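Trainee: The structure file target_8.pdb (PDB, C-alpha atoms) is provided below.
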```
ATOM      1  CA  MET A  18       8.496  11.315  -9.147
ATOM      2  CA  ILE A  19      11.720   9.520  -8.264
ATOM      3  CA  ARG A  20      13.679  12.777  -8.002
ATOM      4  CA  SER A  21      10.949  14.330  -5.878
ATOM      5  CA  VAL A  22      10.773  11.309  -3.579
ATOM      6  CA  THR A  23      14.558  11.326  -3.212
ATOM      7  CA  SER A  24      14.627  14.988  -2.218
ATOM      8  CA  THR A  25      11.736  14.463   0.192
ATOM      9  CA  ILE A  26      13.526  11.608   1.951
ATOM     10  CA  THR A  27      16.749  13.608   2.009
ATOM     11  CA  ALA A  28      14.837  16.419   3.678
ATOM     12  CA  GLY A  29      13.850  14.015   6.436
ATOM     13  CA  LEU A  30      10.125  13.819   5.712
ATOM     14  CA  LEU A  31       8.237  10.558   6.228
ATOM     15  CA  GLU A  32       5.468  11.410   3.770
ATOM     16  CA  HIS A  33       5.472  13.245   0.456
ATOM     17  CA  PRO A  34       3.476  16.471   0.704
ATOM     18  CA  ASP A  35       2.043  15.977  -2.798
ATOM     19  CA  HIS A  36       0.790  12.439  -2.169
ATOM     20  CA  ASP A  37       0.594  11.874   1.552
ATOM     21  CA  SER A  38      -1.230   9.296   3.638
ATOM     22  CA  ALA A  39      -4.416  11.357   3.748
ATOM     23  CA  ALA A  40      -4.625  11.585  -0.046
ATOM     24  CA  THR A  41      -3.695   7.948  -0.503
ATOM     25  CA  LEU A  42      -6.186   6.644   2.044
ATOM     26  CA  SER A  43      -8.981   8.918   0.873
ATOM     27  CA  VAL A  44      -8.756   7.442  -2.631
ATOM     28  CA  ALA A  45      -8.304   3.933  -1.216
ATOM     29  CA  ARG A  46     -11.541   4.221   0.758
ATOM     30  CA  VAL A  47     -13.397   5.240  -2.403
ATOM     31  CA  LEU A  48     -11.903   2.265  -4.251
ATOM     32  CA  ASP A  49     -12.944  -0.031  -1.380
ATOM     33  CA  GLU A  50     -16.517   1.208  -1.624
ATOM     34  CA  VAL A  51     -16.590   0.925  -5.426
ATOM     35  CA  ARG A  52     -15.382  -2.670  -5.261
ATOM     36  CA  ALA A  53     -17.823  -3.529  -2.496
ATOM     37  CA  GLN A  54     -20.750  -2.265  -4.550
ATOM     38  CA  VAL A  55     -19.546  -4.004  -7.716
ATOM     39  CA  PHE A  56     -19.185  -7.333  -5.888
ATOM     40  CA  VAL A  57     -22.579  -7.016  -4.187
ATOM     41  CA  GLU A  58     -24.190  -6.389  -7.553
ATOM     42  CA  ALA A  59     -22.374  -9.376  -9.025
ATOM     43  CA  GLU A  60     -23.744 -11.657  -6.296
ATOM     44  CA  GLU A  61     -27.357 -10.599  -6.857
TER      45      GLU A  61
ATOM     46  CA  MET B   6      15.688  -7.931  -7.316
ATOM     47  CA  GLY B   7      13.320 -10.302  -9.049
ATOM     48  CA  ARG B   8      12.183 -13.890  -9.052
ATOM     49  CA  ARG B   9      14.091 -15.141 -12.119
ATOM     50  CA  ALA B  10      17.887 -14.881 -12.084
ATOM     51  CA  GLU B  11      18.310 -14.502 -15.836
ATOM     52  CA  THR B  12      15.774 -11.675 -15.994
ATOM     53  CA  VAL B  13      17.258  -9.899 -12.997
ATOM     54  CA  GLU B  14      20.801 -10.192 -14.317
ATOM     55  CA  ALA B  15      19.815  -8.981 -17.767
ATOM     56  CA  PHE B  16      18.031  -5.960 -16.307
ATOM     57  CA  ALA B  17      20.974  -5.130 -14.058
ATOM     58  CA  ALA B  18      23.398  -5.381 -16.975
ATOM     59  CA  ALA B  19      21.226  -3.226 -19.232
ATOM     60  CA  HIS B  20      20.901  -0.469 -16.630
ATOM     61  CA  GLY B  21      24.330  -0.579 -15.052
ATOM     62  CA  VAL B  22      23.112  -1.850 -11.680
ATOM     63  CA  PRO B  23      26.197  -3.184  -9.855
ATOM     64  CA  ARG B  24      24.427  -5.901  -7.834
ATOM     65  CA  SER B  25      21.338  -8.011  -8.309
ATOM     66  CA  THR B  26      19.678 -10.826  -6.394
ATOM     67  CA  THR B  27      16.687 -13.126  -6.315
ATOM     68  CA  GLU B  28      16.778 -13.309  -2.510
ATOM     69  CA  LEU B  29      14.604 -10.868  -0.596
ATOM     70  CA  ASP B  30      16.605 -11.276   2.592
ATOM     71  CA  ALA B  31      19.800 -10.348   0.765
ATOM     72  CA  LEU B  32      18.103  -7.139  -0.343
ATOM     73  CA  LEU B  33      16.703  -6.295   3.075
ATOM     74  CA  ASP B  34      19.953  -7.107   4.890
ATOM     75  CA  ASN B  35      22.078  -4.938   2.610
ATOM     76  CA  PRO B  36      22.926  -1.753   4.569
ATOM     77  CA  ALA B  37      23.934   0.033   1.373
ATOM     78  CA  ILE B  38      20.333   0.058   0.200
ATOM     79  CA  ASP B  39      18.291   2.986   1.519
ATOM     80  CA  ILE B  40      15.051   2.705  -0.437
ATOM     81  CA  ILE B  41      13.098  -0.074  -2.110
ATOM     82  CA  TYR B  42      10.545   0.258  -4.882
ATOM     83  CA  VAL B  43       7.940  -2.512  -4.521
ATOM     84  CA  ALA B  44       6.567  -3.290  -7.986
ATOM     85  CA  THR B  45       5.099  -6.744  -7.509
ATOM     86  CA  PRO B  46       1.430  -7.828  -7.848
ATOM     87  CA  PRO B  47      -0.871  -5.810  -5.547
ATOM     88  CA  ALA B  48      -1.696  -8.669  -3.160
ATOM     89  CA  THR B  49       1.991  -8.894  -2.202
ATOM     90  CA  HIS B  50       2.485  -5.189  -1.440
ATOM     91  CA  LEU B  51       1.402  -5.356   2.207
ATOM     92  CA  GLU B  52       3.811  -8.098   3.221
ATOM     93  CA  LEU B  53       6.779  -6.923   1.165
ATOM     94  CA  THR B  54       6.429  -3.278   2.165
ATOM     95  CA  ASN B  55       5.996  -4.259   5.800
ATOM     96  CA  ARG B  56       9.170  -6.342   5.691
ATOM     97  CA  ALA B  57      11.111  -3.579   3.970
ATOM     98  CA  LEU B  58       9.992  -0.979   6.530
ATOM     99  CA  GLN B  59      10.781  -3.352   9.400
ATOM    100  CA  ALA B  60      14.255  -3.758   7.868
ATOM    101  CA  GLY B  61      14.738  -0.004   8.036
ATOM    102  CA  LYS B  62      14.258   0.798   4.351
ATOM    103  CA  HIS B  63      12.289   3.683   2.909
ATOM    104  CA  VAL B  64       9.681   2.332   0.483
ATOM    105  CA  LEU B  65       8.004   3.485  -2.693
ATOM    106  CA  VAL B  66       5.076   1.164  -3.472
ATOM    107  CA  GLU B  67       3.573   0.705  -6.907
ATOM    108  CA  LYS B  68      -0.108   1.657  -7.021
ATOM    109  CA  PRO B  69      -2.385   0.449  -5.569
ATOM    110  CA  MET B  70      -0.462   0.667  -2.327
ATOM    111  CA  THR B  71      -2.346  -2.407  -1.082
ATOM    112  CA  THR B  72      -5.702  -4.008  -1.847
ATOM    113  CA  SER B  73      -7.586  -2.147   0.920
ATOM    114  CA  ALA B  74      -7.556   1.181   2.708
ATOM    115  CA  ASP B  75      -7.091  -0.552   6.066
ATOM    116  CA  ASP B  76      -3.966  -2.344   4.855
ATOM    117  CA  SER B  77      -2.552   0.881   3.428
ATOM    118  CA  ALA B  78      -3.253   2.677   6.696
ATOM    119  CA  ARG B  79      -1.347  -0.074   8.506
ATOM    120  CA  LEU B  80       1.688   0.513   6.283
ATOM    121  CA  PHE B  81       1.692   4.221   7.077
ATOM    122  CA  GLU B  82       1.542   3.329  10.781
ATOM    123  CA  ILE B  83       4.457   0.896  10.436
ATOM    124  CA  ALA B  84       6.477   3.495   8.533
ATOM    125  CA  THR B  85       5.892   6.035  11.285
ATOM    126  CA  GLU B  86       6.815   3.499  13.963
ATOM    127  CA  HIS B  87      10.123   2.842  12.190
ATOM    128  CA  ASP B  88      10.754   6.464  11.223
ATOM    129  CA  ARG B  89      10.767   5.573   7.546
ATOM    130  CA  PHE B  90       9.265   7.132   4.414
ATOM    131  CA  VAL B  91       6.545   5.311   2.490
ATOM    132  CA  MET B  92       4.542   6.474  -0.504
ATOM    133  CA  GLU B  93       2.219   5.020  -3.103
ATOM    134  CA  ALA B  94       3.818   5.573  -6.508
ATOM    135  CA  MET B  95       0.898   7.498  -7.994
ATOM    136  CA  TRP B  96       3.125   9.091 -10.620
ATOM    137  CA  MET B  97       0.264  11.018 -12.255
ATOM    138  CA  LYS B  98       0.385  13.437  -9.322
ATOM    139  CA  PHE B  99       3.968  14.310 -10.317
ATOM    140  CA  ASN B 100       3.263  14.719 -14.025
ATOM    141  CA  PRO B 101       3.976  18.393 -14.908
ATOM    142  CA  LEU B 102       0.765  18.624 -16.963
ATOM    143  CA  HIS B 103      -1.484  17.410 -14.177
ATOM    144  CA  ARG B 104       0.215  19.639 -11.651
ATOM    145  CA  GLU B 105      -0.377  22.597 -13.984
ATOM    146  CA  VAL B 106      -4.022  21.624 -14.479
ATOM    147  CA  ALA B 107      -4.457  21.344 -10.710
ATOM    148  CA  ARG B 108      -2.873  24.767 -10.269
ATOM    149  CA  GLN B 109      -5.195  26.336 -12.823
ATOM    150  CA  VAL B 110      -8.247  24.724 -11.282
ATOM    151  CA  ARG B 111      -7.106  25.906  -7.859
ATOM    152  CA  ASP B 112      -6.520  29.422  -9.227
ATOM    153  CA  GLY B 113     -10.058  29.603 -10.576
ATOM    154  CA  VAL B 114      -9.392  29.374 -14.314
ATOM    155  CA  LEU B 115     -12.521  27.196 -14.586
ATOM    156  CA  GLY B 116     -14.516  29.250 -12.107
ATOM    157  CA  THR B 117     -15.910  26.850  -9.547
ATOM    158  CA  PRO B 118     -14.936  23.290 -10.516
ATOM    159  CA  ARG B 119     -18.059  21.148 -10.656
ATOM    160  CA  TYR B 120     -17.527  17.997 -12.690
ATOM    161  CA  VAL B 121     -14.854  15.467 -13.628
ATOM    162  CA  ARG B 122     -15.168  12.845 -16.314
ATOM    163  CA  GLY B 123     -12.539  10.191 -16.807
ATOM    164  CA  ALA B 124     -12.075   6.615 -17.915
ATOM    165  CA  PHE B 125      -9.342   4.042 -18.367
ATOM    166  CA  GLY B 126     -10.468   1.007 -20.269
ATOM    167  CA  MET B 127      -8.585  -1.314 -22.611
ATOM    168  CA  PRO B 128      -9.038  -4.961 -23.606
ATOM    169  CA  PHE B 129      -5.969  -6.227 -21.804
ATOM    170  CA  PRO B 130      -4.690  -9.665 -22.798
ATOM    171  CA  THR B 131      -5.828 -12.377 -20.447
ATOM    172  CA  GLY B 132      -3.362 -13.978 -18.087
ATOM    173  CA  GLY B 133      -1.100 -12.599 -15.418
ATOM    174  CA  SER B 134      -1.854 -10.982 -12.091
ATOM    175  CA  ARG B 135      -4.371  -8.551 -13.607
ATOM    176  CA  TRP B 136      -6.845 -11.429 -13.945
ATOM    177  CA  GLN B 137      -6.050 -13.332 -10.726
ATOM    178  CA  ALA B 138      -8.011 -12.599  -7.572
ATOM    179  CA  ASP B 139      -5.395 -14.118  -5.279
ATOM    180  CA  LEU B 140      -2.762 -11.738  -6.660
ATOM    181  CA  GLY B 141      -4.972  -8.686  -6.215
ATOM    182  CA  GLY B 142      -6.260  -8.431  -9.749
ATOM    183  CA  SER B 143      -8.818  -5.624  -9.980
ATOM    184  CA  THR B 144      -9.551  -3.081 -12.679
ATOM    185  CA  VAL B 145     -10.834  -0.715  -9.991
ATOM    186  CA  LEU B 146      -7.475  -0.855  -8.212
ATOM    187  CA  ASP B 147      -5.316  -1.014 -11.325
ATOM    188  CA  GLN B 148      -7.055   1.329 -13.805
ATOM    189  CA  GLY B 149      -9.851   2.962 -11.793
ATOM    190  CA  ILE B 150      -7.380   4.432  -9.349
ATOM    191  CA  TYR B 151      -6.324   6.989 -11.992
ATOM    192  CA  PRO B 152      -9.704   8.646 -12.642
ATOM    193  CA  VAL B 153     -10.654   8.411  -8.958
ATOM    194  CA  THR B 154      -7.380  10.089  -7.991
ATOM    195  CA  LEU B 155      -7.913  12.801 -10.606
ATOM    196  CA  ALA B 156     -11.483  13.399  -9.394
ATOM    197  CA  GLU B 157     -10.472  13.744  -5.735
ATOM    198  CA  TRP B 158      -7.527  15.927  -6.660
ATOM    199  CA  MET B 159      -9.672  18.344  -8.643
ATOM    200  CA  LEU B 160     -12.947  18.295  -6.701
ATOM    201  CA  GLY B 161     -11.968  17.327  -3.170
ATOM    202  CA  PRO B 162     -13.110  14.579  -0.808
ATOM    203  CA  VAL B 163     -15.831  12.143  -1.845
ATOM    204  CA  VAL B 164     -18.975  11.879   0.279
ATOM    205  CA  SER B 165     -21.025   9.458  -1.805
ATOM    206  CA  VAL B 166     -20.217   6.556  -4.126
ATOM    207  CA  SER B 167     -22.470   4.730  -6.556
ATOM    208  CA  ALA B 168     -20.943   1.962  -8.633
ATOM    209  CA  SER B 169     -21.823  -1.019 -10.745
ATOM    210  CA  GLY B 170     -19.704  -3.360 -12.787
ATOM    211  CA  VAL B 171     -18.692  -6.815 -13.883
ATOM    212  CA  VAL B 172     -16.947  -9.523 -11.847
ATOM    213  CA  ARG B 173     -15.316 -12.573 -13.404
ATOM    214  CA  ASP B 174     -13.633 -15.326 -11.381
ATOM    215  CA  GLY B 175     -13.519 -13.107  -8.316
ATOM    216  CA  VAL B 176     -11.926 -10.173 -10.138
ATOM    217  CA  ASP B 177     -13.690  -6.894 -10.846
ATOM    218  CA  VAL B 178     -13.076  -6.407 -14.580
ATOM    219  CA  ALA B 179     -15.278  -3.388 -15.337
ATOM    220  CA  ALA B 180     -16.844  -0.614 -13.287
ATOM    221  CA  GLN B 181     -18.918   2.509 -13.804
ATOM    222  CA  ILE B 182     -18.576   4.984 -10.956
ATOM    223  CA  THR B 183     -20.469   8.089  -9.877
ATOM    224  CA  LEU B 184     -18.984  10.187  -7.086
ATOM    225  CA  GLN B 185     -20.459  13.090  -5.161
ATOM    226  CA  HIS B 186     -17.862  15.401  -3.674
ATOM    227  CA  ARG B 187     -18.079  17.305  -0.410
ATOM    228  CA  ASP B 188     -18.064  20.706  -2.068
ATOM    229  CA  GLY B 189     -20.949  19.847  -4.395
ATOM    230  CA  GLY B 190     -19.119  18.571  -7.450
ATOM    231  CA  SER B 191     -19.663  15.207  -9.071
ATOM    232  CA  SER B 192     -17.674  12.759 -11.158
ATOM    233  CA  GLN B 193     -18.520  10.161 -13.778
ATOM    234  CA  LEU B 194     -15.714   7.619 -14.063
ATOM    235  CA  ALA B 195     -15.184   4.184 -15.549
ATOM    236  CA  CYS B 196     -12.575   1.475 -15.868
ATOM    237  CA  SER B 197     -12.327  -1.846 -17.615
ATOM    238  CA  VAL B 198      -9.980  -4.566 -18.774
ATOM    239  CA  LEU B 199     -12.660  -5.893 -21.151
ATOM    240  CA  GLU B 200     -13.030  -3.079 -23.682
ATOM    241  CA  PHE B 201     -11.841   0.342 -24.704
ATOM    242  CA  LEU B 202     -13.310   3.211 -22.751
ATOM    243  CA  ASP B 203     -12.315   6.614 -24.126
ATOM    244  CA  PRO B 204      -9.190   7.107 -22.007
ATOM    245  CA  SER B 205      -9.459  10.865 -21.832
ATOM    246  CA  ALA B 206     -10.588  13.070 -18.973
ATOM    247  CA  SER B 207     -12.045  16.502 -18.446
ATOM    248  CA  ILE B 208     -12.586  18.904 -15.607
ATOM    249  CA  SER B 209     -15.516  21.305 -15.934
ATOM    250  CA  GLY B 210     -16.488  24.374 -13.964
ATOM    251  CA  THR B 211     -18.665  27.448 -14.051
ATOM    252  CA  ALA B 212     -16.265  29.244 -16.428
ATOM    253  CA  GLY B 213     -15.147  26.457 -18.768
ATOM    254  CA  TRP B 214     -13.493  23.114 -19.000
ATOM    255  CA  ILE B 215     -10.130  21.465 -19.500
ATOM    256  CA  GLU B 216      -9.806  18.352 -21.617
ATOM    257  CA  ILE B 217      -6.874  16.000 -21.107
ATOM    258  CA  PRO B 218      -6.745  13.751 -24.164
ATOM    259  CA  ALA B 219      -5.904  10.057 -24.160
ATOM    260  CA  MET B 220      -4.009   8.705 -22.363
ATOM    261  CA  PHE B 221      -5.110  11.201 -19.740
ATOM    262  CA  TRP B 222      -2.974   9.841 -16.885
ATOM    263  CA  ALA B 223       0.180  10.323 -18.971
ATOM    264  CA  GLY B 224      -0.759  13.430 -20.956
ATOM    265  CA  ALA B 225       1.646  16.182 -21.921
ATOM    266  CA  ALA B 226      -0.848  18.840 -23.068
ATOM    267  CA  ALA B 227      -4.470  19.717 -22.460
ATOM    268  CA  VAL B 228      -7.052  22.009 -24.025
ATOM    269  CA  CYS B 229      -8.780  24.698 -22.038
ATOM    270  CA  THR B 230     -12.083  26.122 -23.207
ATOM    271  CA  ARG B 231     -13.610  29.124 -21.504
ATOM    272  CA  GLY B 232     -16.841  31.005 -21.946
ATOM    273  CA  ARG B 233     -19.155  33.350 -20.172
ATOM    274  CA  ARG B 234     -22.590  32.861 -18.756
ATOM    275  CA  GLY B 235     -25.170  33.311 -21.499
ATOM    276  CA  GLN B 236     -22.674  32.998 -24.327
ATOM    277  CA  SER B 237     -22.891  30.161 -26.808
ATOM    278  CA  SER B 238     -19.351  30.710 -28.112
ATOM    279  CA  VAL B 239     -16.219  29.779 -26.257
ATOM    280  CA  ASN B 240     -12.484  30.418 -26.510
ATOM    281  CA  ARG B 241     -10.225  27.424 -26.862
ATOM    282  CA  SER B 242      -6.516  27.315 -26.289
ATOM    283  CA  ARG B 243      -3.805  24.875 -25.352
ATOM    284  CA  SER B 244      -3.389  26.630 -22.077
ATOM    285  CA  CYS B 245      -2.396  23.795 -19.809
ATOM    286  CA  GLU B 246       1.039  22.904 -21.095
ATOM    287  CA  PRO B 247       3.454  23.322 -18.228
ATOM    288  CA  GLY B 248       5.432  26.523 -18.473
ATOM    289  CA  ARG B 249       3.277  27.978 -21.253
ATOM    290  CA  GLU B 250       1.339  31.056 -20.238
ATOM    291  CA  THR B 251      -1.654  32.042 -22.345
ATOM    292  CA  ALA B 252      -4.587  34.379 -22.139
ATOM    293  CA  THR B 253      -6.747  31.846 -20.366
ATOM    294  CA  SER B 254      -4.329  31.344 -17.545
ATOM    295  CA  ARG B 255      -3.297  34.935 -16.889
TER     296      ARG B 255
END
```
Show me the file's structure as structure tokens.
Mentor:
Amino acid sequence: MIRSVTSTITAGLLEHPDHDSAATLSVARVLDEVRAQVFVEAEE
Amino acid sequence: MGRRAETVEAFAAAHGVPRSTTELDALLDNPAIDIIYVATPPATHLELTNRALQAGKHVLVEKPMTTSADDSARLFEIATEHDRFVMEAMWMKFNPLHREVARQVRDGVLGTPRYVRGAFGMPFPTGGSRWQADLGGSTVLDQGIYPVTLAEWMLGPVVSVSASGVVRDGVDVAAQITLQHRDGGSSQLACSVLEFLDPSASISGTAGWIEIPAMFWAGAAAVCTRGRRGQSSVNRSRSCEPGRETATSR
């Protein structure tokens, strides 16, 4: 990962094509929803 | 850089790092430093990554990138504004095995991928940021991110989430997760810091399945099993080792 990130930065890219903002945020939104449901259930 | 001088100095000495510091400003103000790896508790990632980007550094952020999608989106915006690189350090996506599995799934080795199963559960010792809400403790963010990432990687975007779990002292400590994916697939995932949950994973499709044994997020080999419609027997092979071509992947 480190080597790949280094070469990506050297190439002038601002995101890594194999784990870009779209992929990161898509998973993050799922995690948000999972946590929201778990916490709602815990409050009931 | 770290909080305790003796720890920082010992690490620097052990790894041949020429300079070390306990002062964040000294790190950010050093023009010789191009990139910073933020590996602090999750609740601190937003502020530290923001400061590093504002200081003109590229940043690699330990997963989870932040404790919410909105905060992570903000970091990508800040990085763009400052013409700097930022990435969540989801190293599983760079593991040669997982990249090979993804390639095979993409190439149709499993037919149409339909189902992902995965879990990451271990009875972690109590104490530390993993158990503290104010530091971003969360098994969903810390362990659950691996099976969720695998599921999205293999089956595509998620359109429906159903989850239940356990919360203790404001920290989610166990979760069972069902995902429905846009292209019709589904996932059954789980995570926990309370107990062991078989930390393997599998990807199934209309032509077979691939099992990634424990610890699935760090695996080096997987087993591919393929069959045909109407057949009760299947062919098994270790077909997913990177660089190893077998009958099932030709």
Trainee: Any idea which chain B residues end up within 9 Å of chain A if we count only C-alpha atoms, as a ChimeraX atom specification please?
Mentor: /B:63,65,69-75,77-78,81,84-85,88-100,143,145-146,149-150,153-154,157-158,162-163,165-173,175-177,179-182,184
Trainee: Quote the spacing between CA of Ile217 in chain B and CA of Arg111 in chain B in Å to one decimal place.
Mentor: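 So the answer is 16.5 Å.
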Trainee: At what distance in Å, to one decimal, does CA of Arg20 in chain A lie from CA of Asp34 in chain B?
Mentor: 24.5 Å
Trainee: So the first atom is CA of Glu82 in chain B and the second is CA of Pro34 in chain A; what is the distance between them in Å, to one decimal place?
Mentor: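 Calculated distance between CA of Glu82 in chain B and CA of Pro34 in chain A is 16.7 Å.
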Trainee: Return as a PyMOL selection string the set of residues that the PyMOL selection byres ((chain B and resi 61) around 12) yields on the displayed structure.
Mentor: chain B and resi 32-41+54-60+62-64+83-91
Trainee: If I put a ball of radius 8 Å at (-10.8, 23.7, -20.2) in the file's coordinates, which residues poke into it when counting only C-alpha atoms, written as a ChimeraX atom specification?
Mentor: /B:115,207-209,213-216,227-231,241
Trainee: Name the residues captured by the PyMOL selection byres ((chain B and resi 123) around 9) when it is applied to the shown file; answer as a list in words.
Mentor: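 Applying the expression gives Val121, Arg122, Ala124, Phe125, Tyr151, Pro152, Val153, Leu155, Ala156, Ser192, Gln193, Leu194, Ala195, Cys196, Asp203, Pro204, Ser205, Ala206, Ser207, Ile208 and Phe221 of chain B.
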Trainee: Please give the centre and size of the box around range 47-61 of chain A (axis-aligned, containing every atom listed in the file, 3 Å added per side), with values in Å to one decimal and written as AutoDock Vina command-line options.
Mentor:
```
--center_x -19.6 --center_y -3.2 --center_z -5.2 --size_x 21.5 --size_y 22.9 --size_z 13.6
```
Trainee: Carefully work through the PyMOL selection byres ((chain B and resi 114) around 9) for this structure and note down the residues it includes, as an mmCIF file with C-alpha atoms, in the frame of the given file.
Mentor:
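Written file, result33.cif:
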```
data_model
loop_
_atom_site.group_PDB
_atom_site.id
_atom_site.type_symbol
_atom_site.label_atom_id
_atom_site.label_comp_id
_atom_site.auth_asym_id
_atom_site.auth_seq_id
_atom_site.Cartn_x
_atom_site.Cartn_y
_atom_site.Cartn_z
ATOM 1 C CA ARG B 108 -2.873 24.767 -10.269
ATOM 2 C CA GLN B 109 -5.195 26.336 -12.823
ATOM 3 C CA VAL B 110 -8.247 24.724 -11.282
ATOM 4 C CA ARG B 111 -7.106 25.906 -7.859
ATOM 5 C CA ASP B 112 -6.520 29.422 -9.227
ATOM 6 C CA GLY B 113 -10.058 29.603 -10.576
ATOM 7 C CA LEU B 115 -12.521 27.196 -14.586
ATOM 8 C CA GLY B 116 -14.516 29.250 -12.107
ATOM 9 C CA THR B 117 -15.910 26.850 -9.547
ATOM 10 C CA GLY B 210 -16.488 24.374 -13.964
ATOM 11 C CA ALA B 212 -16.265 29.244 -16.428
ATOM 12 C CA GLY B 213 -15.147 26.457 -18.768
ATOM 13 C CA TRP B 214 -13.493 23.114 -19.000
ATOM 14 C CA ARG B 231 -13.610 29.124 -21.504
ATOM 15 C CA THR B 253 -6.747 31.846 -20.366
ATOM 16 C CA SER B 254 -4.329 31.344 -17.545
ATOM 17 C CA ARG B 255 -3.297 34.935 -16.889
#
```
